[in-house]
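To start, the structure under review is shown below, and the notes come after it.
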Amino acid sequence: MSLLVTLGRAAVLGLLLATPPALASFEPSDDQRQAATEVAESLRYGHYADVSLDDAWSRRAFERLLDVLDGQRAYLLDRDVAAFSDLRTGMDEALLDAELARPFDLYQRYHERAEQRLEWLLARLDEGLDFGFDSDQRLELEREDSPWATSETALDELWMKRLNNAALSLTISDQEPEQVTSTLRQRYEGQLSRLRQTNAADVFGLFMAAVTGSVDPHSEYLSPRQGESFDIQMRLSLEGIGALLQADGEFIKVSSLVAGGPAERDGALQPADRIIGVGQEDGEIVNVVGMRLDDVVDLIRGPKGSVVRLDVVPAQAVDMTRSTVIDITRDTVDLEDQAAQGEVIEVERQDGTHRLGVIEVPTFYVDFDAWQAGEEDFRSTTRDVAREVERLQAEGVEGIVLDLRNNGGGALQEANSLIGLFIDRGPTVQVRDARGRISLYGDTESGALYDGPLAVLVNRLSASASEIFAGAIQDYGRGLVVGTDTFGKGTVQTLNELSHGEIKLTRAKFYRISGESTQHRGVEPDIDFPSLIDPELIGESSLDNALPWDTVREVQYRTYGEPRRHLETLRARHLERAEQQPNFHYLERRSELARQLRAQHTSVSLNREQRQREVEAQEAEQLALENERRRALGLEPLEDWTDARDEDETASDETDEQPIDRAQILETAQILLDYRQLEDGWHYAELN
């Protein structure tokens with residue numbers, strides 16, 4: 001930057017110091033005060049948990065508010081927090097009496113600190129960055145538990161490290177110094193512009209996020225704007241990419257993908273990936289680090305058929321410099337995209353070829369409009385699965401696998417009726433409301449469509465209705481549950497209108513017929529598969545203030561078998577096969593390596609050579625593991641670790657590469673065949 005520009009900026013700053021600008025001022029409206037009292041009443045008398053808005057709750061809510069405002073302890077000083085210590089026991093009065101001045105004042109303090117910090121960063125860019133990157137400093141990545149800084153000097157040191165890290169990341173990504181400076185200037189000026197556009201509705205929303213988030217992670221206040229967006233999402237008419245996003249510090253993280261949506265079909269975007277930039281068609285990619293979630297969603301949303309470009313840091317990346325740009329064509333999601341589909345796979349054994357059926361169930365859906373209109377041929381999960389079961393039986397399969405991986409749930413009635421295809425009749429799930437009343441749902445139709453060998457394949461993204469189905473099959477002894485621990489979403493929310501906005505409130509909890517909740521723990525499989533999804537990043541147990549696991553009374557039900565008596569043998573056979581199967585051996589090793597790397601990756605070096613050595617060493621471990629798998633499969637080794645993800649995305653089920661997802665299907669079929677043969681042997685022994 002030229003001296004003239006630098007002096008010009010200094011002169012402007014001097015004028016600003018000479019004539020202090022009017023600071024933004026935030027005042028709650030009467031509508032917001034009324035909404036606050038309505039939220040308080042909803043929490044006290046409508047929430048599933050016993051919510052007491054007292055001093056104990058105030059302490060939790062105050063800490064939550066600090067986390068919402070400054071979760072990385074990077075803006076506020078300890079004296080700022082101390083100045084609002086009255087809120088530690090005063091959040092309840094602020095909510096109940098709609099006295100919002102103090103929470104708004106706390107936001108005002110944060111706003112001032114954040115504005116000053118962004119101006120400070122821009123001033124450092126004006127002074128020029130040192131692109132030598134030869135220091136021995138390291139930047140701590142997670143600061144949620146760090147103490148509040150005692151001085152602005154301490155925060156200056158932290159932010160200088162952050163600035164150097166941002167510059168180093170861009171430099172390693174092959175940007176020239178001028179481009180690095182330009183990119184960072186655009187980032188900070190964009191954040192500053194958005195910060196200055198904050199209004200009272202935004203401040204109230206942050207306060208409400210702290211209030212509801214202190215009770216459980218699924219209850220939330222929706223402003224009129226957010227409520228409209230939520231309604232669009234529930235109608236599945238949203239034209240976008242079909243991904244559910246959540247804020248994760250300064251980043252936007254993918255929490256799950258909509259079954260049948262553009263992102264899932266494309267395969268490039270995965271849960272726990274972080275989106276750091278968004279662009280339209282061939283336009284410039286806008287950096288979204290530090291941007292509000294609503295604003296990022298607005299950038300990604302767009303007309304059907306248009307292309308959005310996302311700059312993404314994969315969940316498995318060992319460094320933020322390892323981002324990749326992916327293009328996704330926006331589209332709508334319809335029932336056809338979510339329909340259950342079946343196939344026959346063949347398993348070779350010494351005694352010949354065995355045929356087993358696999359039915360993928362992406363979600364629990366029902367065409368409500370057609371159903372309510374009385375149409376006889378309306379689409380639903382149960383009807384589509386029944387059709388596939390009949391087709392597979394006609395083709396002579398020896399067992400059926402229901403693939404519920406990545407199935408985030410849906411219509412409870414469909415989970416209930418789907419269970420009915422595999423049992424004669426009986427209870428399926430218990431629902432307990434806030435008053436302790438338990439409603440029992442079940443299958444009332446006699447007879448089962450299919451009574452043969454059954455396995456249910458699940459993973460960490462199997463949630464809600466999927467967990468109800470898997471839990472019931474397990475409790476009834478009707479089949480095996482295979483895979484990883486499920487999500488643990490065992491609560492029910494309702495949406496209620498307020499005088500200003502809406503509130504999504506947790507009103508009930510799911511329980512299995514055995515009396516165990518699916519909340520928090522999820523469903524534990526009978527046979528475990530290794531998982532690349534970190535349960536500390538994805539799942540109910542990863543969410544703050546998630547309601548706990550508990551039990552209610554078991555209901556009476558008959559069992560259809562005792563798969564547990566064969567589990568020791570089934571697990572031994574599975575492990576023996578897994579050791580001989582390159583894809584499964586790789587999955588186990590990669591899962592363990594990912595845990596090790598996450599444990600090690602708590603800070604990053606600000607020395608370029610050291611940073612590159614660390615990243616290259618970690619990626620070399622991953623590459624060696626991938627190439628070990630490829631050599632075992634007779635495939636060409638890769639030269640670079642970044643090629644591995646592309647290989648997984650483009651490989652199809654028909655190729656010889658046998659992607660990991662396909663390997664899990666094939667191994668589940670092997671387990672089911674083992675189970676069938678063990679059951680046949682058991683029954684033969686009983687008869688003799």
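Chain labels A, B, ... are given in the sequence in which chains occur in the structure tokens; within each chain residues are numbered consecutively from 1, and ligands are likewise numbered from 1 in the order shown.
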Got a sec: who's within 10 Å of range 376-392 of chain A, counting only C-alpha atoms, leaving out chain neighbours fewer than 2 positions off, as JSON, numbers by chain?
-> {"A": [335, 336, 338, 339, 340, 341, 342, 343, 344, 355, 356, 357, 358, 359, 360, 361, 362, 363, 364, 365, 366, 367, 368, 369, 370, 371, 372, 373, 374, 394, 395, 396, 397, 398, 399, 400, 402, 410, 411, 413, 414, 415, 416, 417, 418, 419, 420, 421, 449, 450]}
Where in range 143-232 of chain A does DSSP assign alpha helix (DSSP H), given as a PyMOL selection string?
-> chain A and resi 152-172+177-196+200-213+224-232
For Ile665 in chain A, list every protein, DNA or RNA residue within 12 Å, evaluated using only C-alpha atoms, and leave out those in the same chain fewer than 6 positions away; present the list as a VMD selection string.
-> chain A and resid 343 to 347 356 to 360 400 to 405 455 to 459 482 to 483 529 583 to 584 653 658 to 659 671 to 672
Restrict the selected residues to C-alpha atoms and save them as a short mmCIF file (atom, residue, chain, number, x, y, z; two decimals), in the first residue's frame.
data_model
loop_
_atom_site.label_atom_id
_atom_site.label_comp_id
_atom_site.auth_asym_id
_atom_site.auth_seq_id
_atom_site.Cartn_x
_atom_site.Cartn_y
_atom_site.Cartn_z
CA GLU A 343 -31.79 -54.15 -5.07
CA VAL A 344 -30.56 -57.74 -4.98
CA ILE A 345 -26.93 -58.44 -4.15
CA GLU A 346 -25.15 -61.75 -4.38
CA VAL A 347 -22.87 -63.24 -1.72
CA LEU A 356 -30.05 -61.00 -0.36
CA GLY A 357 -32.18 -57.90 -0.69
CA VAL A 358 -31.22 -54.37 0.29
CA ILE A 359 -33.76 -51.54 0.60
CA GLU A 360 -32.47 -48.00 1.04
CA ILE A 400 -33.47 -58.27 3.68
CA VAL A 401 -31.29 -55.38 4.81
CA LEU A 402 -32.99 -52.03 5.51
CA ASP A 403 -30.43 -49.27 4.98
CA LEU A 404 -31.32 -46.33 7.28
CA ARG A 405 -27.93 -44.64 7.11
CA ALA A 455 -31.00 -56.49 9.41
CA VAL A 456 -31.13 -52.72 9.92
CA LEU A 457 -28.04 -50.73 8.91
CA VAL A 458 -27.62 -47.38 10.74
CA ASN A 459 -25.00 -44.70 11.28
CA VAL A 482 -25.69 -53.12 12.49
CA GLY A 483 -23.49 -50.02 12.08
CA PHE A 529 -18.82 -50.70 12.37
CA ASN A 583 -12.18 -51.41 2.64
CA PHE A 584 -13.19 -52.44 6.14
CA ASP A 653 -21.35 -49.08 -6.99
CA GLN A 658 -15.86 -50.79 -3.76
CA PRO A 659 -16.27 -47.47 -1.91
CA ILE A 671 -23.69 -60.78 8.65
CA LEU A 672 -27.35 -61.32 7.81
#
Which residue gives the smallest distance to Gly305 in chain A among A:Asp331, A:Phe84, A:Leu293, A:Glu576, with only C-alpha atoms counted?
->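 Of A:Asp331, A:Phe84, A:Leu293, A:Glu576, the one nearest Gly305 in chain A is A:Asp331, counting only C-alpha atoms.
Across A:Ser25, A:Gln270, A:Arg573, A:Ser146, the tightest approach to Gln197 in chain A is made by A:Ser25 when counting only C-alpha atoms.
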Would you work out the distance separating CA of Asp424 in chain A from CA of Gly561 in chain A, expressed in Å to one decimal?
->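 Pair CA of Asp424 in chain A / CA of Gly561 in chain A returns 13.1 Å.
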